[in-house]
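As provided, model03.cif (mmCIF, C-alpha atoms) reads as follows.
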data_my_file
loop_
_atom_site.group_PDB
_atom_site.id
_atom_site.type_symbol
_atom_site.label_atom_id
_atom_site.label_comp_id
_atom_site.auth_asym_id
_atom_site.auth_seq_id
_atom_site.Cartn_x
_atom_site.Cartn_y
_atom_site.Cartn_z
ATOM 1 C CA MET A 21 26.701 -9.593 32.734
ATOM 2 C CA PRO A 22 27.299 -5.804 33.107
ATOM 3 C CA ASN A 23 24.877 -3.973 35.373
ATOM 4 C CA LEU A 24 22.099 -1.744 34.054
ATOM 5 C CA PRO A 25 23.879 1.672 34.231
ATOM 6 C CA ASP A 26 26.956 0.197 32.534
ATOM 7 C CA GLN A 27 24.809 -1.217 29.757
ATOM 8 C CA ILE A 28 23.080 2.129 29.275
ATOM 9 C CA ASN A 29 26.443 3.865 29.121
ATOM 10 C CA GLY A 30 27.583 1.243 26.638
ATOM 11 C CA LEU A 31 24.933 2.217 24.090
ATOM 12 C CA ASP A 32 26.263 3.815 20.933
ATOM 13 C CA ARG A 33 25.466 7.532 21.319
ATOM 14 C CA VAL A 34 25.535 8.173 17.588
ATOM 15 C CA ILE A 35 22.749 5.669 17.047
ATOM 16 C CA HIS A 36 20.849 6.221 20.276
ATOM 17 C CA GLU A 37 19.889 9.836 19.580
ATOM 18 C CA PRO A 38 16.106 9.541 18.845
ATOM 19 C CA ALA A 39 16.073 11.352 15.491
ATOM 20 C CA ARG A 40 19.043 9.382 14.220
ATOM 21 C CA LEU A 41 17.578 6.106 15.473
ATOM 22 C CA ALA A 42 14.339 6.958 13.636
ATOM 23 C CA ILE A 43 16.265 7.606 10.400
ATOM 24 C CA LEU A 44 18.224 4.381 10.779
ATOM 25 C CA THR A 45 15.080 2.391 11.567
ATOM 26 C CA VAL A 46 13.349 3.699 8.439
ATOM 27 C CA LEU A 47 16.382 2.856 6.321
ATOM 28 C CA SER A 48 16.590 -0.615 7.875
ATOM 29 C CA ALA A 49 13.094 -1.338 6.528
ATOM 30 C CA CYS A 50 14.017 -0.598 2.914
ATOM 31 C CA ASP A 51 16.925 -0.692 0.472
ATOM 32 C CA GLU A 52 17.028 3.094 0.148
ATOM 33 C CA ALA A 53 14.836 6.141 0.682
ATOM 34 C CA ASP A 54 15.050 9.732 -0.464
ATOM 35 C CA PHE A 55 15.336 12.913 1.575
ATOM 36 C CA THR A 56 11.654 13.830 1.105
ATOM 37 C CA PHE A 57 10.394 10.533 2.487
ATOM 38 C CA LEU A 58 12.742 10.761 5.465
ATOM 39 C CA LEU A 59 11.458 14.280 6.157
ATOM 40 C CA ARG A 60 7.828 13.168 5.991
ATOM 41 C CA VAL A 61 8.255 10.041 8.064
ATOM 42 C CA THR A 62 10.459 11.494 10.821
ATOM 43 C CA GLY A 63 8.939 14.985 10.996
ATOM 44 C CA LEU A 64 12.387 16.589 11.125
ATOM 45 C CA THR A 65 13.183 19.902 9.443
ATOM 46 C CA ASN A 66 15.414 20.109 6.369
ATOM 47 C CA GLY A 67 18.349 21.397 8.407
ATOM 48 C CA ASN A 68 18.014 18.826 11.180
ATOM 49 C CA LEU A 69 17.721 15.941 8.770
ATOM 50 C CA SER A 70 20.752 17.125 6.784
ATOM 51 C CA THR A 71 22.811 17.409 9.954
ATOM 52 C CA HIS A 72 21.802 13.990 11.237
ATOM 53 C CA LEU A 73 22.434 12.339 7.867
ATOM 54 C CA SER A 74 25.896 13.915 7.714
ATOM 55 C CA ARG A 75 26.638 12.650 11.226
ATOM 56 C CA LEU A 76 25.494 9.140 10.276
ATOM 57 C CA GLU A 77 27.517 9.261 7.072
ATOM 58 C CA GLU A 78 30.629 10.266 9.043
ATOM 59 C CA ALA A 79 30.064 7.259 11.310
ATOM 60 C CA LYS A 80 29.849 5.099 8.151
ATOM 61 C CA LEU A 81 26.395 3.889 9.150
ATOM 62 C CA VAL A 82 24.663 5.492 6.184
ATOM 63 C CA GLY A 83 25.626 6.084 2.582
ATOM 64 C CA ILE A 84 24.424 9.140 0.646
ATOM 65 C CA ARG A 85 23.983 9.378 -3.116
ATOM 66 C CA LYS A 86 22.919 12.467 -5.017
ATOM 67 C CA GLN A 87 21.251 12.282 -8.390
ATOM 68 C CA PHE A 88 18.969 14.259 -10.669
ATOM 69 C CA VAL A 89 15.443 13.045 -11.405
ATOM 70 C CA GLU A 90 13.609 15.095 -14.024
ATOM 71 C CA LYS A 91 16.036 17.982 -13.524
ATOM 72 C CA ARG A 92 15.469 18.055 -9.760
ATOM 73 C CA PRO A 93 18.158 17.106 -7.262
ATOM 74 C CA GLN A 94 17.420 13.998 -5.268
ATOM 75 C CA THR A 95 19.288 12.817 -2.194
ATOM 76 C CA ILE A 96 19.137 9.102 -1.603
ATOM 77 C CA ALA A 97 20.149 7.553 1.714
ATOM 78 C CA TYR A 98 20.816 3.904 2.435
ATOM 79 C CA LEU A 99 22.235 1.830 5.259
ATOM 80 C CA THR A 100 25.729 0.454 4.865
ATOM 81 C CA ASP A 101 26.236 -3.218 5.776
ATOM 82 C CA HIS A 102 27.909 -2.043 8.984
ATOM 83 C CA GLY A 103 24.973 0.301 9.672
ATOM 84 C CA ARG A 104 22.407 -2.445 9.158
ATOM 85 C CA LYS A 105 24.180 -4.700 11.679
ATOM 86 C CA GLN A 106 24.572 -1.844 14.162
ATOM 87 C CA VAL A 107 20.896 -0.843 14.044
ATOM 88 C CA GLU A 108 19.767 -4.415 14.573
ATOM 89 C CA GLU A 109 22.202 -4.798 17.435
ATOM 90 C CA HIS A 110 21.081 -1.488 18.981
ATOM 91 C CA TRP A 111 17.415 -2.514 18.984
ATOM 92 C CA ARG A 112 18.405 -5.859 20.475
ATOM 93 C CA GLN A 113 20.299 -4.063 23.274
ATOM 94 C CA LEU A 114 17.329 -1.787 23.939
ATOM 95 C CA LYS A 115 15.001 -4.768 24.169
ATOM 96 C CA GLU A 116 17.388 -6.456 26.583
ATOM 97 C CA LEU A 117 17.640 -3.298 28.702
ATOM 98 C CA ARG A 118 13.864 -2.972 28.827
ATOM 99 C CA LYS A 119 13.586 -6.562 29.980
ATOM 100 C CA GLN A 120 16.169 -6.040 32.723
ATOM 101 C CA ALA A 121 14.631 -2.742 33.818
ATOM 102 C CA SER A 122 11.213 -4.319 34.239
ATOM 103 C CA ALA A 123 12.811 -7.210 36.178
ATOM 104 C CA VAL A 124 14.461 -4.687 38.536
ATOM 105 C CA GLN A 125 11.134 -2.862 38.957
ATOM 106 C CA ARG A 126 9.370 -6.085 39.921
ATOM 107 C CA ARG A 127 11.882 -6.821 42.714
ATOM 108 C CA MET B 18 7.230 9.413 15.878
ATOM 109 C CA GLU B 19 7.967 8.511 19.419
ATOM 110 C CA THR B 20 6.553 5.999 21.821
ATOM 111 C CA GLY B 21 4.617 7.414 24.713
ATOM 112 C CA GLY B 22 6.646 8.016 27.833
ATOM 113 C CA THR B 23 10.106 7.605 26.304
ATOM 114 C CA ASN B 24 12.032 9.448 23.634
ATOM 115 C CA GLU B 25 12.624 6.210 21.771
ATOM 116 C CA PRO B 26 11.167 6.184 18.253
ATOM 117 C CA ASP B 27 8.300 3.820 17.546
ATOM 118 C CA ARG B 28 10.138 1.085 15.671
ATOM 119 C CA GLU B 29 7.097 -0.887 14.532
ATOM 120 C CA GLN B 30 5.333 2.210 13.230
ATOM 121 C CA LEU B 31 8.377 3.440 11.293
ATOM 122 C CA GLU B 32 9.040 0.040 9.769
ATOM 123 C CA PHE B 33 5.366 -0.474 8.923
ATOM 124 C CA VAL B 34 5.019 2.868 7.140
ATOM 125 C CA THR B 35 8.240 2.343 5.195
ATOM 126 C CA ARG B 36 7.430 -1.217 4.141
ATOM 127 C CA SER B 37 3.817 -0.390 3.241
ATOM 128 C CA TYR B 38 4.600 2.854 1.425
ATOM 129 C CA ALA B 39 3.914 1.469 -2.067
ATOM 130 C CA GLY B 40 0.615 -0.021 -0.910
ATOM 131 C CA PHE B 41 -0.471 3.280 0.621
ATOM 132 C CA GLN B 42 -0.275 5.122 -2.713
ATOM 133 C CA GLY B 43 -3.962 4.737 -3.418
ATOM 134 C CA ILE B 44 -4.984 7.719 -5.538
ATOM 135 C CA GLY B 45 -4.009 5.858 -8.712
ATOM 136 C CA THR B 46 -6.206 2.938 -7.671
ATOM 137 C CA SER B 47 -9.071 5.351 -7.079
ATOM 138 C CA LEU B 48 -8.627 6.939 -10.511
ATOM 139 C CA ALA B 49 -8.551 3.500 -12.130
ATOM 140 C CA GLY B 50 -11.728 2.713 -10.174
ATOM 141 C CA VAL B 51 -13.385 5.850 -11.568
ATOM 142 C CA LEU B 52 -12.557 4.653 -15.109
ATOM 143 C CA VAL B 53 -13.951 1.199 -14.416
ATOM 144 C CA ALA B 54 -17.132 2.569 -12.825
ATOM 145 C CA LEU B 55 -17.559 5.052 -15.702
ATOM 146 C CA TYR B 56 -17.263 2.213 -18.190
ATOM 147 C CA GLY B 57 -20.101 0.408 -16.410
ATOM 148 C CA ALA B 58 -22.179 3.564 -16.127
ATOM 149 C CA VAL B 59 -21.785 4.337 -19.849
ATOM 150 C CA ASN B 60 -22.897 0.808 -20.629
ATOM 151 C CA LEU B 61 -25.937 1.262 -18.424
ATOM 152 C CA LEU B 62 -26.964 4.769 -19.379
ATOM 153 C CA TRP B 63 -25.915 5.015 -22.965
ATOM 154 C CA ARG B 64 -27.493 1.869 -24.311
ATOM 155 C CA PRO B 65 -26.627 2.491 -28.009
ATOM 156 C CA ALA B 66 -23.003 2.106 -26.957
ATOM 157 C CA LEU B 67 -23.700 -1.552 -26.363
ATOM 158 C CA SER B 68 -24.624 -2.076 -29.996
ATOM 159 C CA LEU B 69 -21.522 -0.121 -31.054
ATOM 160 C CA GLY B 70 -19.556 -2.543 -28.928
ATOM 161 C CA LEU B 71 -17.733 -1.170 -25.912
ATOM 162 C CA LEU B 72 -16.173 -4.569 -25.284
ATOM 163 C CA PRO B 73 -12.954 -3.701 -27.166
ATOM 164 C CA LEU B 74 -12.414 -1.031 -24.496
ATOM 165 C CA MET B 75 -11.958 -3.714 -21.866
ATOM 166 C CA PRO B 76 -8.257 -4.387 -22.571
ATOM 167 C CA LEU B 77 -7.678 -0.628 -22.464
ATOM 168 C CA LEU B 78 -9.391 -0.469 -19.076
ATOM 169 C CA VAL B 79 -7.285 -3.305 -17.712
ATOM 170 C CA MET B 80 -4.158 -1.533 -18.984
ATOM 171 C CA ALA B 81 -5.342 1.717 -17.413
ATOM 172 C CA MET B 82 -5.751 -0.092 -14.092
ATOM 173 C CA PHE B 83 -2.028 -0.824 -14.115
ATOM 174 C CA LEU B 84 -0.757 2.343 -15.798
ATOM 175 C CA VAL B 85 -2.726 5.018 -13.935
ATOM 176 C CA PRO B 86 -1.326 4.092 -10.490
ATOM 177 C CA ARG B 87 2.221 4.135 -11.904
ATOM 178 C CA LEU B 88 1.733 7.573 -13.447
ATOM 179 C CA VAL B 89 0.217 8.942 -10.247
ATOM 180 C CA THR B 90 3.150 7.528 -8.280
ATOM 181 C CA ARG B 91 5.631 9.199 -10.602
ATOM 182 C CA PHE B 92 4.043 12.611 -10.806
ATOM 183 C CA TYR B 93 2.311 12.958 -7.430
ATOM 184 C CA TYR B 94 3.602 10.634 -4.712
ATOM 185 C CA ARG B 95 7.302 10.781 -5.518
ATOM 186 C CA PRO B 96 7.650 14.594 -5.427
ATOM 187 C CA LYS B 97 5.210 15.051 -2.542
ATOM 188 C CA PHE B 98 5.849 12.085 -0.247
ATOM 189 C CA GLY B 99 9.215 10.835 -1.458
ATOM 190 C CA TYR B 100 10.697 7.655 -2.779
ATOM 191 C CA VAL B 101 11.354 4.334 -1.095
ATOM 192 C CA LYS B 102 12.976 1.330 -2.696
ATOM 193 C CA PRO B 103 11.631 -1.744 -0.903
ATOM 194 C CA VAL B 104 13.995 -4.313 0.533
ATOM 195 C CA SER B 105 15.251 -6.518 -2.289
ATOM 196 C CA PRO B 106 14.220 -8.987 -3.553
ATOM 197 C CA ASN B 107 11.293 -6.697 -4.156
ATOM 198 C CA PRO B 108 8.237 -8.519 -2.771
ATOM 199 C CA SER B 109 5.784 -6.126 -4.373
ATOM 200 C CA TRP B 110 6.714 -7.455 -7.827
ATOM 201 C CA TRP B 111 5.810 -10.939 -6.690
ATOM 202 C CA MET B 112 2.497 -9.567 -5.466
ATOM 203 C CA ILE B 113 1.922 -7.825 -8.789
ATOM 204 C CA TRP B 114 2.635 -10.982 -10.789
ATOM 205 C CA LEU B 115 0.581 -13.095 -8.425
ATOM 206 C CA SER B 116 -2.430 -10.774 -8.549
ATOM 207 C CA THR B 117 -2.100 -10.412 -12.347
ATOM 208 C CA GLY B 118 -2.051 -14.200 -12.664
ATOM 209 C CA ALA B 119 -5.041 -14.587 -10.359
ATOM 210 C CA PHE B 120 -6.956 -11.890 -12.245
ATOM 211 C CA THR B 121 -6.187 -13.494 -15.629
ATOM 212 C CA LEU B 122 -7.183 -16.914 -14.346
ATOM 213 C CA PHE B 123 -10.410 -15.435 -13.028
ATOM 214 C CA LEU B 124 -11.213 -13.819 -16.406
ATOM 215 C CA VAL B 125 -10.414 -17.027 -18.308
ATOM 216 C CA LEU B 126 -12.605 -19.041 -15.969
ATOM 217 C CA MET B 127 -15.425 -16.530 -16.304
ATOM 218 C CA PHE B 128 -15.295 -16.584 -20.089
ATOM 219 C CA LYS B 129 -15.250 -20.390 -20.008
ATOM 220 C CA VAL B 130 -18.300 -20.413 -17.734
ATOM 221 C CA SER B 131 -20.071 -17.823 -19.914
ATOM 222 C CA ASP B 132 -19.268 -19.783 -23.079
ATOM 223 C CA TYR B 133 -20.529 -22.963 -21.475
ATOM 224 C CA LEU B 134 -23.773 -21.305 -20.436
ATOM 225 C CA TYR B 135 -24.168 -19.747 -23.891
ATOM 226 C CA LEU B 136 -23.388 -22.926 -25.815
ATOM 227 C CA HIS B 137 -25.664 -25.075 -23.723
ATOM 228 C CA ARG B 138 -28.382 -22.378 -23.656
ATOM 229 C CA LEU B 139 -28.797 -22.839 -19.933
ATOM 230 C CA GLN B 140 -31.508 -20.553 -18.644
ATOM 231 C CA ILE B 141 -29.954 -19.653 -15.317
ATOM 232 C CA PRO B 142 -31.848 -16.689 -13.926
ATOM 233 C CA PHE B 143 -28.916 -15.015 -12.095
ATOM 234 C CA GLU B 144 -25.863 -13.331 -13.586
ATOM 235 C CA PRO B 145 -22.934 -15.769 -13.057
ATOM 236 C CA PHE B 146 -20.038 -13.248 -13.255
ATOM 237 C CA SER B 147 -21.338 -11.117 -10.402
ATOM 238 C CA LEU B 148 -22.433 -14.159 -8.450
ATOM 239 C CA LEU B 149 -18.914 -15.609 -8.583
ATOM 240 C CA LEU B 150 -17.353 -12.272 -7.603
ATOM 241 C CA GLY B 151 -19.842 -11.999 -4.748
ATOM 242 C CA ILE B 152 -18.944 -15.465 -3.485
ATOM 243 C CA VAL B 153 -15.206 -14.652 -3.730
ATOM 244 C CA PHE B 154 -15.513 -11.405 -1.727
ATOM 245 C CA VAL B 155 -17.833 -12.863 0.918
ATOM 246 C CA SER B 156 -15.518 -15.886 1.294
ATOM 247 C CA LEU B 157 -12.508 -13.561 1.672
ATOM 248 C CA ALA B 158 -14.343 -11.548 4.321
ATOM 249 C CA LEU B 159 -15.425 -14.633 6.247
ATOM 250 C CA SER B 160 -11.947 -16.198 6.060
ATOM 251 C CA ALA B 161 -10.434 -12.982 7.466
ATOM 252 C CA LEU B 162 -12.776 -13.024 10.455
ATOM 253 C CA GLY B 163 -10.844 -13.382 13.688
ATOM 254 C CA LYS B 164 -7.481 -13.276 11.916
ATOM 255 C CA THR B 165 -7.197 -9.495 11.698
ATOM 256 C CA HIS B 166 -7.740 -6.741 14.224
ATOM 257 C CA TYR B 167 -10.540 -5.168 12.220
ATOM 258 C CA TRP B 168 -13.851 -6.443 10.961
ATOM 259 C CA PRO B 169 -13.446 -7.104 7.201
ATOM 260 C CA TYR B 170 -16.664 -5.227 6.509
ATOM 261 C CA GLN B 171 -15.523 -3.765 3.203
ATOM 262 C CA SER B 172 -15.072 -7.122 1.448
ATOM 263 C CA LEU B 173 -18.317 -8.312 2.976
ATOM 264 C CA ILE B 174 -20.264 -5.270 1.763
ATOM 265 C CA VAL B 175 -18.837 -5.506 -1.760
ATOM 266 C CA GLY B 176 -19.482 -9.254 -1.830
ATOM 267 C CA LEU B 177 -23.072 -8.747 -0.746
ATOM 268 C CA MET B 178 -23.482 -5.989 -3.356
ATOM 269 C CA PHE B 179 -22.230 -8.352 -6.076
ATOM 270 C CA LEU B 180 -24.601 -11.061 -4.856
ATOM 271 C CA ALA B 181 -27.460 -8.542 -4.852
ATOM 272 C CA ILE B 182 -26.851 -7.357 -8.413
ATOM 273 C CA ALA B 183 -26.414 -10.971 -9.553
ATOM 274 C CA LEU B 184 -29.977 -11.571 -8.468
ATOM 275 C CA LEU B 185 -31.452 -8.506 -10.217
ATOM 276 C CA PRO B 186 -32.315 -10.553 -13.349
ATOM 277 C CA VAL B 187 -34.161 -13.097 -11.168
ATOM 278 C CA PHE B 188 -36.634 -10.389 -10.189
ATOM 279 C CA HIS B 189 -36.701 -8.977 -13.735
ATOM 280 C CA LEU B 190 -35.343 -5.651 -12.470
ATOM 281 C CA GLN B 191 -32.391 -5.665 -14.877
ATOM 282 C CA THR B 192 -31.306 -7.947 -17.678
ATOM 283 C CA LYS B 193 -28.254 -10.175 -17.373
ATOM 284 C CA GLU B 194 -26.444 -7.993 -19.927
ATOM 285 C CA GLN B 195 -27.135 -4.851 -17.896
ATOM 286 C CA VAL B 196 -25.682 -6.529 -14.826
ATOM 287 C CA SER B 197 -22.614 -8.033 -16.513
ATOM 288 C CA ASN B 198 -21.830 -5.022 -18.735
ATOM 289 C CA GLY B 199 -22.939 -2.305 -16.361
ATOM 290 C CA TRP B 200 -23.622 -2.922 -12.685
ATOM 291 C CA SER B 201 -20.745 -5.319 -12.030
ATOM 292 C CA TRP B 202 -18.285 -2.718 -13.387
ATOM 293 C CA VAL B 203 -19.912 0.051 -11.376
ATOM 294 C CA VAL B 204 -19.645 -1.962 -8.151
ATOM 295 C CA PHE B 205 -16.065 -3.071 -8.844
ATOM 296 C CA GLY B 206 -15.018 0.477 -9.791
ATOM 297 C CA THR B 207 -16.640 1.914 -6.680
ATOM 298 C CA GLU B 208 -14.776 -0.626 -4.564
ATOM 299 C CA LEU B 209 -11.461 0.424 -6.156
ATOM 300 C CA VAL B 210 -12.257 4.093 -5.513
ATOM 301 C CA ILE B 211 -12.958 3.434 -1.834
ATOM 302 C CA VAL B 212 -9.920 1.176 -1.334
ATOM 303 C CA GLY B 213 -7.653 3.759 -3.003
ATOM 304 C CA PHE B 214 -8.890 6.651 -0.899
ATOM 305 C CA ARG B 215 -8.639 4.643 2.307
ATOM 306 C CA SER B 216 -5.022 3.742 1.489
ATOM 307 C CA HIS B 217 -4.177 7.364 0.718
ATOM 308 C CA ARG B 218 -5.852 8.533 3.928
ATOM 309 C CA ASP B 219 -3.784 6.018 5.907
ATOM 310 C CA LEU B 220 -0.615 7.323 4.259
ATOM 311 C CA VAL B 221 -1.444 10.935 5.115
ATOM 312 C CA ARG B 222 -2.267 9.944 8.699
ATOM 313 C CA ASN B 223 1.012 8.079 9.108
ATOM 314 C CA LEU B 224 3.304 10.750 7.696
ATOM 315 C CA MET B 225 4.097 14.190 9.016
ATOM 316 C CA PRO B 226 2.565 17.223 7.297
ATOM 317 C CA ASP B 227 4.528 18.807 4.492
ATOM 318 C CA ASN B 228 5.612 21.778 6.609
ATOM 319 C CA ALA B 229 8.407 23.141 4.485
ATOM 320 C CA GLN B 230 9.193 23.718 0.881
ATOM 321 C CA GLN B 231 11.784 21.125 0.087
ATOM 322 C CA ASP B 232 15.096 21.994 -1.475
ATOM 323 C CA HIS B 233 15.572 18.345 -2.285
ATOM 324 C CA ALA B 234 13.243 16.230 -4.408
#

Show me this structure written as structure tokens.
Amino acid sequence: MPNLPDQINGLDRVIHEPARLAILTVLSACDEADFTFLLRVTGLTNGNLSTHLSRLEEAKLVGIRKQFVEKRPQTIAYLTDHGRKQVEEHWRQLKELRKQASAVQRR
Amino acid sequence: METGGTNEPDREQLEFVTRSYAGFQGIGTSLAGVLVALYGAVNLLWRPALSLGLLPLMPLLVMAMFLVPRLVTRFYYRPKFGYVKPVSPNPSWWMIWLSTGAFTLFLVLMFKVSDYLYLHRLQIPFEPFSLLLGIVFVSLALSALGKTHYWPYQSLIVGLMFLAIALLPVFHLQTKEQVSNGWSWVVFGTELVIVGFRSHRDLVRNLMPDNAQQDHA
């Protein structure tokens, strides 16, 4: 089993950034969510959220769809199949790391 | 939304808010509750309405209870708080069908009981509709004891209120008709109003303030 620092270094940096992990976690709990909900639930600004969503879309973790609802533009975000697996795996890794870190502390 | 001490987001909180988003949209429930309570109040205060027959309004009220929350969601929650499509298969539809079925069954049973009492001219002093509702709510509250983190006081209070109004005819304070056509609706409507506002308050507490004019809907 790799040691603790190696495991930390092995975490996916695209996912591990807190704002992006928050976005991915929200999207993992639903089929899709719009830009407004993501803003309200994460507390990010418009610009920050746009940037993070673009980064996640580039990494093929998130899909973006734009549509008009009652003549207003709506941006819908959803997790790709790859993204859903990656988020689950990331949380599993974090849980494992936490377990190991507390074991090291106890020694 | 971060956990204390680390910069890791609070997974449980984020997932809970997202999954419960539809349930948090309570203003529609409150408005439906106002309609229901008003219906009861009109029956109580405006007695001639009883002879004109407000009963045909009941199906409209039941429809309003389903339509008002949908309209509020469309015109208030979606632009202001956003849109979430729950994980498919959509469990909330199952809940809607289940609660609709339970509600219909309850109404059918109540009408059967009322018919039975009417046909057999049984002189039961209490009002059976409210008594049954009271028993249901108190049972729900007692069954939730110890299983949830909070004391289910709301169901208990409403249940006790239903039991109390069911007994009003016993003490000749109100007639059975006043209780079944008026007070039971007022109590039920008030309960809906409170539940709706509590849900909405929880939503506002769990989401960040609307700090910017959105370019996106």

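In terms of minimum interatomic distance to chain B, A:Ala53 ranks closest within A:Ala97, A:Ala53, A:Ile28, A:Leu58, counting all atoms listed in the file.
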
*Between A:Phe88, A:Leu117, A:Ser122, A:His72, which has the minimum distance to A:Leu59 (counting all atoms listed in the file)?*
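Under the stated criterion, the closest residue is A:His72.
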
*Please determine the contact residues of chain A with respect to chain B at a cut-off of 6 Å, counting all atoms listed in the file, and supply them as a PyMOL selection string.*
chain A and resi 38+42+46+49-54+56-57+60-61+63+93-94

*Looking at A:Lys80, A:His36, A:Lys86, A:Arg127, which one is nearest to A:Phe55, with distances taken over all atoms listed in the file?*
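Under the stated criterion, the closest residue is A:Lys86.
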
_Å distance separating atom CA of B:Leu177 from atom CA of B:Val196, one decimal place_ =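 One can read the atom CA of B:Leu177 to atom CA of B:Val196 distance as 14.5 Å.
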